[in-house]
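The structure file target.txt is reproduced below (compact mmCIF, C-alpha atoms).
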```txt
# COMPACT_ATOMS: atom_id res chain seq x y z
CA MET B 1 80.00 104.53 104.90
CA LYS B 2 77.16 102.19 103.99
CA LYS B 3 78.21 99.93 101.14
CA ILE B 4 75.09 97.83 100.60
CA ALA B 5 72.11 99.41 98.89
CA TYR B 6 68.73 97.97 99.81
CA SER B 7 66.05 97.70 97.17
CA LEU B 8 62.46 98.84 97.76
CA ALA B 9 61.36 95.22 97.65
CA ALA B 10 63.87 94.35 100.33
CA ALA B 11 62.68 97.15 102.55
CA THR B 12 59.06 96.04 102.11
CA SER B 13 59.97 92.48 103.00
CA LEU B 14 61.79 93.69 106.08
CA ILE B 15 58.72 95.60 107.25
CA ALA B 16 56.59 92.54 106.61
CA GLY B 17 58.91 90.45 108.77
CA THR B 18 59.99 88.14 105.94
CA ALA B 19 63.50 87.36 104.79
CA GLN B 20 65.39 90.36 103.51
CA ALA B 21 66.96 90.34 100.06
CA ASP B 22 69.80 92.82 99.59
CA GLU B 23 70.82 94.56 96.43
CA ILE B 24 74.59 94.74 96.87
CA THR B 25 76.77 97.15 94.94
CA LEU B 26 80.54 96.81 95.21
CA ARG B 27 83.16 99.20 93.89
CA ILE B 28 85.97 97.08 92.47
CA GLY B 29 89.11 97.94 90.61
CA SER B 30 92.85 98.20 90.21
CA GLY B 31 95.42 100.69 89.09
CA HIS B 32 96.41 98.21 86.40
CA PRO B 33 94.56 97.79 83.08
CA PRO B 34 92.67 94.61 82.13
CA GLY B 35 95.57 93.63 79.87
CA VAL B 36 97.47 92.63 83.01
CA VAL B 37 96.38 89.04 83.66
CA TYR B 38 95.22 89.39 87.26
CA ALA B 39 93.13 92.50 86.49
CA GLY B 40 91.62 90.81 83.45
CA LEU B 41 90.70 87.82 85.61
CA MET B 42 89.03 90.11 88.14
CA ILE B 43 86.74 91.30 85.34
CA ASP B 44 86.33 88.07 83.39
CA TYR B 45 86.26 85.52 86.22
CA PHE B 46 85.90 86.89 89.74
CA GLN B 47 83.11 89.41 89.10
CA PRO B 48 80.80 87.26 86.92
CA GLU B 49 81.34 84.15 89.03
CA LEU B 50 80.60 86.01 92.28
CA LYS B 51 77.48 87.53 90.75
CA ARG B 52 76.31 84.21 89.31
CA ARG B 53 76.74 82.28 92.53
CA VAL B 54 75.27 84.92 94.82
CA GLU B 55 72.18 85.27 92.67
CA ALA B 56 71.82 81.50 92.13
CA GLU B 57 72.35 80.47 95.74
CA THR B 58 70.85 83.34 97.76
CA GLU B 59 68.00 85.84 97.63
CA HIS B 60 70.45 88.66 97.03
CA THR B 61 71.62 90.43 93.88
CA ILE B 62 75.04 91.88 93.28
CA ASN B 63 76.36 94.58 90.96
CA PHE B 64 79.76 96.16 90.42
CA VAL B 65 81.06 99.66 89.81
CA GLU B 66 84.36 99.12 88.01
CA GLY B 67 87.48 101.23 88.41
CA TYR B 68 90.36 99.71 86.46
CA SER B 69 93.35 101.31 84.70
CA GLY B 70 93.70 103.82 87.53
CA SER B 71 90.28 105.36 86.93
CA ILE B 72 89.55 105.43 90.68
CA VAL B 73 92.96 104.83 92.28
CA THR B 74 96.47 104.48 90.84
CA VAL B 75 98.65 101.41 91.26
CA LYS B 76 100.23 102.99 94.34
CA GLU B 77 96.92 103.93 95.99
CA VAL B 78 94.93 100.69 96.08
CA LEU B 79 95.83 99.58 99.62
CA GLU B 80 94.90 102.99 100.99
CA GLY B 81 91.87 103.23 98.70
CA VAL B 82 90.44 99.98 100.05
CA GLN B 83 91.32 100.99 103.61
CA ASP B 84 89.38 104.24 103.25
CA GLY B 85 86.45 102.67 101.40
CA ILE B 86 87.09 104.42 98.09
CA LEU B 87 87.14 100.89 96.69
CA ASP B 88 85.34 97.97 98.30
CA ILE B 89 87.55 95.39 96.56
CA GLY B 90 90.97 96.14 95.10
CA GLY B 91 93.69 94.26 93.30
CA PHE B 92 97.25 95.53 93.53
CA CYS B 93 100.94 94.73 93.59
CA MET B 94 102.43 94.75 97.05
CA CYS B 95 105.61 95.94 95.33
CA PHE B 96 104.13 99.44 95.60
CA GLU B 97 103.85 99.19 99.40
CA PRO B 98 107.49 98.98 100.54
CA SER B 99 106.71 100.81 103.78
CA ASN B 100 103.39 99.19 104.65
CA LEU B 101 104.01 95.62 103.43
CA PRO B 102 107.79 95.21 103.10
CA LEU B 103 107.82 91.48 103.82
CA HIS B 104 105.02 90.57 101.41
CA ALA B 105 107.41 90.84 98.47
CA PHE B 106 109.35 87.90 99.92
CA GLN B 107 109.73 85.95 96.67
CA VAL B 108 111.40 88.97 95.04
CA MET B 109 114.02 88.74 97.78
CA LEU B 110 115.01 85.32 96.36
CA PRO B 111 115.41 85.95 92.62
CA PHE B 112 115.76 83.18 90.03
CA GLY B 113 113.10 81.09 91.70
CA THR B 114 110.58 78.88 89.95
CA MET B 115 109.13 80.16 86.67
CA ASP B 116 106.00 78.04 87.26
CA PRO B 117 103.19 80.34 88.55
CA GLU B 118 101.28 77.43 90.09
CA GLN B 119 104.37 76.39 92.00
CA SER B 120 105.06 80.01 92.99
CA LEU B 121 101.52 80.33 94.31
CA ALA B 122 101.76 77.05 96.24
CA VAL B 123 105.00 78.23 97.88
CA ALA B 124 103.35 81.52 98.85
CA GLN B 125 100.35 79.66 100.26
CA ASP B 126 102.73 77.64 102.44
CA ILE B 127 104.26 80.82 103.83
CA TYR B 128 100.90 82.48 104.55
CA ALA B 129 99.70 79.30 106.29
CA GLU B 130 102.84 79.08 108.44
CA VAL B 131 103.26 82.77 109.34
CA PRO B 132 100.02 84.37 110.65
CA TYR B 133 101.40 87.91 110.39
CA MET B 134 101.23 87.74 106.60
CA THR B 135 97.42 87.61 106.69
CA ASP B 136 96.69 89.30 110.01
CA VAL B 137 98.40 92.57 109.08
CA PHE B 138 95.57 93.45 106.67
CA PRO B 139 92.73 93.66 109.23
CA ASP B 140 95.04 94.69 112.06
CA GLU B 141 96.59 97.69 110.30
CA PHE B 142 94.68 98.42 107.10
CA ASN B 143 90.97 97.76 107.76
CA GLN B 144 90.69 95.08 105.10
CA VAL B 145 90.60 91.35 104.54
CA LEU B 146 93.05 89.55 102.28
CA ILE B 147 90.87 87.37 100.05
CA ALA B 148 93.31 86.26 97.34
CA ARG B 149 97.01 86.04 96.69
CA ILE B 150 97.90 86.57 93.05
CA ALA B 151 100.67 84.89 91.04
CA ASP B 152 102.39 86.54 88.09
CA GLY B 153 103.85 84.97 85.00
CA GLY B 154 107.59 84.43 84.99
CA TYR B 155 109.72 87.58 84.78
CA ASN B 156 112.28 88.21 82.02
CA ILE B 157 113.69 91.38 80.44
CA GLY B 158 112.23 93.22 77.47
CA SER B 159 114.39 95.94 75.95
CA ASP B 160 115.04 98.18 72.96
CA PHE B 161 118.51 96.68 72.47
CA PRO B 162 119.93 93.14 72.33
CA TRP B 163 122.15 91.78 75.09
CA GLU B 164 123.84 88.50 75.97
CA THR B 165 125.91 89.15 79.10
CA LEU B 166 125.71 91.19 82.30
CA GLU B 167 128.44 93.40 80.87
CA ASP B 168 126.15 94.24 77.94
CA LEU B 169 123.64 95.73 80.41
CA GLN B 170 126.10 97.97 82.23
CA GLY B 171 125.17 101.63 81.90
CA HIS B 172 121.70 100.91 80.54
CA LYS B 173 118.53 102.09 82.28
CA ILE B 174 116.11 99.27 83.05
CA GLY B 175 112.70 99.71 84.64
CA GLY B 176 111.23 97.76 87.50
CA ALA B 177 108.92 98.03 90.50
CA GLY B 178 109.80 97.84 94.15
CA LEU B 179 112.40 95.36 95.29
CA ASN B 180 113.22 93.99 91.86
CA LEU B 181 115.08 97.23 91.25
CA ASN B 182 117.69 95.70 93.56
CA TRP B 183 118.24 92.87 91.07
CA LEU B 184 119.47 95.57 88.69
CA GLU B 185 121.41 97.83 91.06
CA ASN B 186 123.32 95.01 92.69
CA ALA B 187 124.33 93.74 89.24
CA GLY B 188 125.63 97.17 88.19
CA ILE B 189 122.65 98.18 86.02
CA ILE B 190 120.86 101.54 86.31
CA PRO B 191 117.44 100.91 87.93
CA VAL B 192 114.44 103.11 87.13
CA SER B 193 111.24 102.86 89.19
CA SER B 194 108.05 102.74 87.14
CA SER B 195 104.71 100.97 86.69
CA LEU B 196 102.87 99.29 83.84
CA ALA B 197 100.43 102.19 83.69
CA THR B 198 103.18 104.39 82.21
CA ALA B 199 105.52 101.78 80.72
CA TYR B 200 104.64 102.21 77.03
CA THR B 201 105.10 105.97 77.05
CA GLU B 202 108.25 105.85 79.14
CA MET B 203 109.83 103.15 76.99
CA SER B 204 108.90 105.10 73.86
CA THR B 205 110.41 108.35 75.15
CA GLY B 206 113.62 106.83 76.51
CA VAL B 207 112.98 107.22 80.23
CA TYR B 208 114.40 103.70 80.34
CA GLU B 209 115.54 101.16 77.78
CA GLY B 210 114.07 97.97 79.15
CA TRP B 211 111.77 96.43 81.73
CA ILE B 212 111.82 93.45 84.06
CA MET B 213 108.49 92.05 82.92
CA PHE B 214 106.42 88.93 82.27
CA PRO B 215 105.45 88.15 78.64
CA SER B 216 101.72 88.84 79.07
CA ALA B 217 102.40 92.54 79.61
CA TRP B 218 104.87 92.68 76.74
CA VAL B 219 102.15 91.31 74.44
CA ASN B 220 98.91 92.72 75.82
CA LEU B 221 100.22 96.24 76.44
CA LYS B 222 102.17 96.22 73.15
CA LEU B 223 105.45 96.91 74.89
CA TYR B 224 107.06 94.99 72.05
CA GLU B 225 106.66 98.12 69.93
CA PRO B 226 109.15 100.27 71.88
CA GLY B 227 110.96 97.13 73.10
CA PRO B 228 111.63 94.76 70.17
CA TYR B 229 113.92 92.42 72.13
CA TYR B 230 112.70 89.98 74.78
CA THR B 231 115.33 87.97 76.64
CA LEU B 232 114.37 84.84 78.57
CA ILE B 233 116.50 84.96 81.71
CA GLY B 234 114.04 83.48 84.20
CA PHE B 235 113.97 85.72 87.25
CA GLY B 236 111.03 83.69 88.54
CA SER B 237 107.28 83.82 88.88
CA ILE B 238 106.44 86.06 91.81
CA THR B 239 103.31 85.89 93.98
CA TRP B 240 103.30 89.46 95.23
CA HIS B 241 99.93 90.81 94.14
CA ALA B 242 96.85 90.66 96.32
CA MET B 243 93.10 91.18 96.25
CA THR B 244 91.50 92.60 99.40
CA ILE B 245 88.08 93.76 100.56
CA ASN B 246 87.36 96.63 102.93
CA GLN B 247 86.66 95.24 106.41
CA ASP B 248 83.51 97.33 106.94
CA THR B 249 82.15 96.23 103.57
CA TYR B 250 82.87 92.61 104.36
CA ASP B 251 81.23 92.84 107.78
CA GLU B 252 78.06 94.31 106.23
CA LEU B 253 77.65 91.46 103.74
CA PRO B 254 75.11 88.75 104.64
CA PRO B 255 76.92 85.67 106.02
CA GLU B 256 75.97 83.52 103.04
CA VAL B 257 77.43 86.12 100.68
CA GLN B 258 80.62 86.29 102.73
CA THR B 259 80.99 82.52 102.33
CA ILE B 260 80.51 82.66 98.57
CA LEU B 261 82.87 85.64 98.27
CA LEU B 262 85.69 83.76 100.00
CA GLU B 263 85.08 80.63 97.93
CA VAL B 264 85.10 82.50 94.62
CA ALA B 265 88.17 84.50 95.68
CA ALA B 266 90.00 81.22 96.45
CA GLU B 267 89.07 79.92 93.00
CA TYR B 268 90.27 83.18 91.47
CA GLU B 269 93.55 82.84 93.38
CA GLN B 270 94.15 79.44 91.76
CA GLN B 271 93.21 80.88 88.37
CA THR B 272 96.02 83.43 88.60
CA GLY B 273 98.46 80.53 88.78
CA SER B 274 96.91 78.24 86.18
CA VAL B 275 96.11 80.94 83.61
CA ASN B 276 99.57 82.49 83.82
CA LEU B 277 101.11 79.03 83.48
CA SER B 278 99.02 78.04 80.47
CA GLU B 279 99.53 81.38 78.76
CA TYR B 280 103.30 81.72 79.22
CA ASP B 281 104.49 79.54 76.32
CA ARG B 282 101.76 80.82 74.01
CA LEU B 283 102.68 84.42 74.71
CA VAL B 284 106.40 83.79 74.23
CA ASP B 285 105.59 82.13 70.89
CA GLU B 286 103.47 85.14 69.97
CA LEU B 287 106.38 87.41 70.79
CA ARG B 288 108.63 85.31 68.57
CA GLU B 289 106.35 86.22 65.67
CA LEU B 290 106.58 89.92 66.50
CA ILE B 291 110.09 90.63 67.78
CA THR B 292 113.44 89.01 68.59
CA VAL B 293 113.22 86.52 71.47
CA THR B 294 116.41 84.95 72.82
CA GLU B 295 117.21 82.64 75.73
CA ILE B 296 120.11 83.65 77.92
CA ASP B 297 123.01 81.31 78.53
CA PRO B 298 122.55 79.55 81.91
CA SER B 299 125.98 80.80 83.00
CA VAL B 300 124.71 84.40 82.85
CA ARG B 301 121.76 83.48 85.03
CA GLN B 302 124.15 81.80 87.46
CA GLU B 303 126.47 84.82 87.52
CA TRP B 304 123.57 87.19 88.16
CA ALA B 305 122.19 85.03 90.97
CA GLU B 306 125.62 84.87 92.62
CA SER B 307 125.90 88.66 92.49
CA LEU B 308 122.77 88.94 94.65
CA GLN B 309 123.74 86.56 97.48
CA ASP B 310 124.94 89.32 99.82
CA TRP B 311 121.88 91.45 99.07
CA VAL B 312 119.58 88.61 100.12
CA GLN B 313 121.19 88.47 103.56
CA ARG B 314 121.34 92.27 103.94
CA ASN B 315 117.66 92.55 103.10
CA ALA B 316 116.76 89.84 105.60
CA ASP B 317 118.80 91.56 108.32
CA ASP B 318 117.14 94.90 107.58
CA LEU B 319 113.62 93.47 107.83
CA GLU B 320 114.46 91.59 111.00
CA GLY B 321 115.58 94.94 112.40
CA GLN B 322 112.07 96.22 111.70
CA GLY B 323 110.63 93.41 113.83
CA LEU B 324 109.50 91.28 110.87
CA PRO B 325 110.05 87.49 110.61
CA ALA B 326 112.04 87.79 107.38
CA LYS B 327 114.57 85.04 108.02
CA GLN B 328 111.82 82.57 108.88
CA VAL B 329 109.88 83.50 105.75
CA LEU B 330 112.84 83.37 103.36
CA ASN B 331 114.05 80.02 104.64
CA LEU B 332 110.50 78.67 104.35
CA VAL B 333 110.44 79.82 100.71
CA LEU B 334 113.74 78.12 99.94
CA ASP B 335 112.60 74.87 101.59
CA SER B 336 109.08 74.89 100.14
CA ALA B 337 110.35 75.38 96.58
CA GLU B 338 112.84 72.55 96.97
CA GLU B 339 110.19 70.26 98.43
CA ARG B 340 108.26 70.88 95.20
CA GLY B 341 111.25 69.87 93.11
CA TYR B 342 112.75 73.26 92.33
CA ASP B 343 116.55 73.45 92.00
CA TRP B 344 117.86 76.94 92.82
CA PRO B 345 120.71 78.14 90.56
CA VAL B 346 122.24 79.54 93.74
CA ARG B 347 121.05 78.10 97.05
CA TYR B 348 120.91 81.39 98.96
CA THR B 349 121.92 81.26 102.60
CA VAL B 350 119.86 83.27 105.08
CA GLU B 351 121.20 83.18 108.63
```
Using structure tokens, write down the structure from this file.
Amino acid sequence: MKKIAYSLAAATSLIAGTAQADEITLRIGSGHPPGVVYAGLMIDYFQPELKRRVEAETEHTINFVEGYSGSIVTVKEVLEGVQDGILDIGGFCMCFEPSNLPLHAFQVMLPFGTMDPEQSLAVAQDIYAEVPYMTDVFPDEFNQVLIARIADGGYNIGSDFPWETLEDLQGHKIGGAGLNLNWLENAGIIPVSSSLATAYTEMSTGVYEGWIMFPSAWVNLKLYEPGPYYTLIGFGSITWHAMTINQDTYDELPPEVQTILLEVAAEYEQQTGSVNLSEYDRLVDELRELITVTEIDPSVRQEWAESLQDWVQRNADDLEGQGLPAKQVLNLVLDSAEERGYDWPVRYTVE
């Protein structure tokens, strides 16, 4: 499918033998709404900056057809949507691709990591630089190019009831996505799979009573209305979202536009870390004005982390059995975080 539309002026120039100027239209979107930080940054930073630079530095123009909030593809369809060319550029959580990208949720496999999104992103960048498979799988298997890794704000628990201990959570239904459901199940809590697209309605109707979620979603999506308790437990900031471009679309772009695209995407990648970091405290303070915010006793965090030690090893063994370098990746994460000064509450052992 041809992704780049040529203007009449461009066609005339081509016939005349002069340089060709392309009018480029890209379909871009996510299953998530703009209230989720990374999707908002796609709209507010990536798109305008790419357009500005392309039009300032080349003879080309660029326009976007937007498809956010699941208007083109749902949160679980972005990888396939970009592969098939339904979207040219898509942002998504790799948590929704447990079969296609099981190893890319590697930070979730080591819960209670750093709550600093910039540090989380730097650790992820180390892993992608050291393990070629992490990047190569996108063109090799899914006809797309990974152009940005995306950090989230630190994860805590929002709920419609107060709690102080792991025992207080027993028997309650808590929502999550992908592997973080294992944080719940292995601690004796009832896990419920969901996504932010349906979180408000499902919290309001009692499908579940809480969510493992970063504060930006609790504020921006007004999840504080059905969930008036937000508990700071510090599961960690996870870099497990991605932004990709369809390989055919990328190949059709003029070389100078490809260069700018990759540069702007790299800047956007860093923005996901810095914006989430700068916004975290402000959003928690905003929640304090709206609902009850409490900080969990460190001993509860320690107890929860200890309950997951065996799961970490089992998960690594399972992925190794699928031919994936899970043990290498997880040990690199542990080492990289420590090299950046992070002190794990439980120093998981992966053998």
Under the rule that all atoms listed in the file are counted, which of B:Leu196, B:Leu319, B:Ala151, B:Ile296 is the nearest residue to Gln119 in chain B? B:Ala151
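Checking B:Glu269, B:Glu164, B:Glu77, B:Asp251 one by one against Glu295 in chain B, counting all atoms listed in the file, you find the shortest gap at B:Glu164.
Minimum distance to Leu277 in chain B across B:Gly67, B:Gly90, B:Pro215, B:Gly341 (counting all atoms listed in the file) occurs at B:Pro215.
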Considering only C-alpha atoms, return as a count of residues only whatever protein or nucleic-acid residues lie within 7 Å of Ile238 in chain B, sequence-local ones (same chain, fewer than 5 positions apart) excluded. 5
Using all atoms listed in the file, which protein or nucleic acid residues come within 8 Å of Tyr348 in chain B? Drop anything in the same chain fewer than 6 positions from it, and give the result as a list of chain:residue names. B:Leu110, B:Gln309, B:Val312, B:Leu334
Could N, CA and C atoms be built for range 137-163 of chain B and written out as a PDB file, in the frame of the given file?
```pdb
ATOM      1  N   VAL B 137      98.050  91.158 109.194  1.00  0.00           N
ATOM      2  CA  VAL B 137      98.400  92.570 109.080  1.00  0.00           C
ATOM      3  C   VAL B 137      97.318  93.367 108.335  1.00  0.00           C
ATOM      4  N   PHE B 138      96.570  92.714 107.456  1.00  0.00           N
ATOM      5  CA  PHE B 138      95.570  93.450 106.670  1.00  0.00           C
ATOM      6  C   PHE B 138      94.413  93.954 107.539  1.00  0.00           C
ATOM      7  N   PRO B 139      93.752  93.112 108.345  1.00  0.00           N
ATOM      8  CA  PRO B 139      92.730  93.660 109.230  1.00  0.00           C
ATOM      9  C   PRO B 139      93.307  94.458 110.400  1.00  0.00           C
ATOM     10  N   ASP B 140      94.464  94.042 110.885  1.00  0.00           N
ATOM     11  CA  ASP B 140      95.040  94.690 112.060  1.00  0.00           C
ATOM     12  C   ASP B 140      95.482  96.123 111.786  1.00  0.00           C
ATOM     13  N   GLU B 141      95.999  96.375 110.588  1.00  0.00           N
ATOM     14  CA  GLU B 141      96.590  97.690 110.300  1.00  0.00           C
ATOM     15  C   GLU B 141      95.916  98.449 109.164  1.00  0.00           C
ATOM     16  N   PHE B 142      95.168  97.753 108.301  1.00  0.00           N
ATOM     17  CA  PHE B 142      94.680  98.420 107.100  1.00  0.00           C
ATOM     18  C   PHE B 142      93.186  98.263 106.849  1.00  0.00           C
ATOM     19  N   ASN B 143      92.431  97.814 107.852  1.00  0.00           N
ATOM     20  CA  ASN B 143      90.970  97.760 107.760  1.00  0.00           C
ATOM     21  C   ASN B 143      90.496  97.008 106.525  1.00  0.00           C
ATOM     22  N   GLN B 144      91.124  95.878 106.242  1.00  0.00           N
ATOM     23  CA  GLN B 144      90.690  95.080 105.100  1.00  0.00           C
ATOM     24  C   GLN B 144      91.030  93.619 105.308  1.00  0.00           C
ATOM     25  N   VAL B 145      90.430  92.802 104.468  1.00  0.00           N
ATOM     26  CA  VAL B 145      90.600  91.350 104.540  1.00  0.00           C
ATOM     27  C   VAL B 145      91.301  90.893 103.271  1.00  0.00           C
ATOM     28  N   LEU B 146      92.384  90.152 103.424  1.00  0.00           N
ATOM     29  CA  LEU B 146      93.050  89.550 102.280  1.00  0.00           C
ATOM     30  C   LEU B 146      92.205  88.380 101.791  1.00  0.00           C
ATOM     31  N   ILE B 147      91.728  88.450 100.552  1.00  0.00           N
ATOM     32  CA  ILE B 147      90.870  87.370 100.050  1.00  0.00           C
ATOM     33  C   ILE B 147      91.524  86.554  98.941  1.00  0.00           C
ATOM     34  N   ALA B 148      92.617  87.049  98.359  1.00  0.00           N
ATOM     35  CA  ALA B 148      93.310  86.260  97.340  1.00  0.00           C
ATOM     36  C   ALA B 148      94.758  86.721  97.209  1.00  0.00           C
ATOM     37  N   ARG B 149      95.649  85.760  97.121  1.00  0.00           N
ATOM     38  CA  ARG B 149      97.010  86.040  96.690  1.00  0.00           C
ATOM     39  C   ARG B 149      97.065  85.811  95.185  1.00  0.00           C
ATOM     40  N   ILE B 150      97.924  86.549  94.509  1.00  0.00           N
ATOM     41  CA  ILE B 150      97.900  86.570  93.050  1.00  0.00           C
ATOM     42  C   ILE B 150      99.294  86.277  92.498  1.00  0.00           C
ATOM     43  N   ALA B 151      99.402  85.230  91.679  1.00  0.00           N
ATOM     44  CA  ALA B 151     100.670  84.890  91.040  1.00  0.00           C
ATOM     45  C   ALA B 151     100.825  85.625  89.714  1.00  0.00           C
ATOM     46  N   ASP B 152     102.057  85.961  89.386  1.00  0.00           N
ATOM     47  CA  ASP B 152     102.390  86.540  88.090  1.00  0.00           C
ATOM     48  C   ASP B 152     103.030  85.487  87.200  1.00  0.00           C
ATOM     49  N   GLY B 153     103.044  85.773  85.903  1.00  0.00           N
ATOM     50  CA  GLY B 153     103.850  84.970  85.000  1.00  0.00           C
ATOM     51  C   GLY B 153     105.319  85.185  85.280  1.00  0.00           C
ATOM     52  N   GLY B 154     106.158  84.332  84.738  1.00  0.00           N
ATOM     53  CA  GLY B 154     107.590  84.430  84.990  1.00  0.00           C
ATOM     54  C   GLY B 154     108.191  85.698  84.410  1.00  0.00           C
ATOM     55  N   TYR B 155     109.099  86.317  85.170  1.00  0.00           N
ATOM     56  CA  TYR B 155     109.720  87.580  84.780  1.00  0.00           C
ATOM     57  C   TYR B 155     110.980  87.353  83.930  1.00  0.00           C
ATOM     58  N   ASN B 156     111.092  88.154  82.862  1.00  0.00           N
ATOM     59  CA  ASN B 156     112.280  88.210  82.020  1.00  0.00           C
ATOM     60  C   ASN B 156     112.614  89.683  81.795  1.00  0.00           C
ATOM     61  N   ILE B 157     113.385  89.988  80.764  1.00  0.00           N
ATOM     62  CA  ILE B 157     113.690  91.380  80.440  1.00  0.00           C
ATOM     63  C   ILE B 157     113.317  91.670  78.987  1.00  0.00           C
ATOM     64  N   GLY B 158     112.481  92.680  78.798  1.00  0.00           N
ATOM     65  CA  GLY B 158     112.230  93.220  77.470  1.00  0.00           C
ATOM     66  C   GLY B 158     113.028  94.500  77.317  1.00  0.00           C
ATOM     67  N   SER B 159     113.530  94.771  76.120  1.00  0.00           N
ATOM     68  CA  SER B 159     114.390  95.940  75.950  1.00  0.00           C
ATOM     69  C   SER B 159     114.347  96.447  74.512  1.00  0.00           C
ATOM     70  N   ASP B 160     114.953  97.628  74.312  1.00  0.00           N
ATOM     71  CA  ASP B 160     115.040  98.180  72.960  1.00  0.00           C
ATOM     72  C   ASP B 160     116.414  97.920  72.349  1.00  0.00           C
ATOM     73  N   PHE B 161     117.187  97.037  72.984  1.00  0.00           N
ATOM     74  CA  PHE B 161     118.510  96.680  72.470  1.00  0.00           C
ATOM     75  C   PHE B 161     118.780  95.205  72.810  1.00  0.00           C
ATOM     76  N   PRO B 162     119.601  94.527  72.009  1.00  0.00           N
ATOM     77  CA  PRO B 162     119.930  93.140  72.330  1.00  0.00           C
ATOM     78  C   PRO B 162     121.041  93.057  73.369  1.00  0.00           C
ATOM     79  N   TRP B 163     121.069  91.978  74.121  1.00  0.00           N
ATOM     80  CA  TRP B 163     122.150  91.780  75.090  1.00  0.00           C
ATOM     81  C   TRP B 163     122.324  90.285  75.335  1.00  0.00           C
TER      82      TRP B 163
END
```
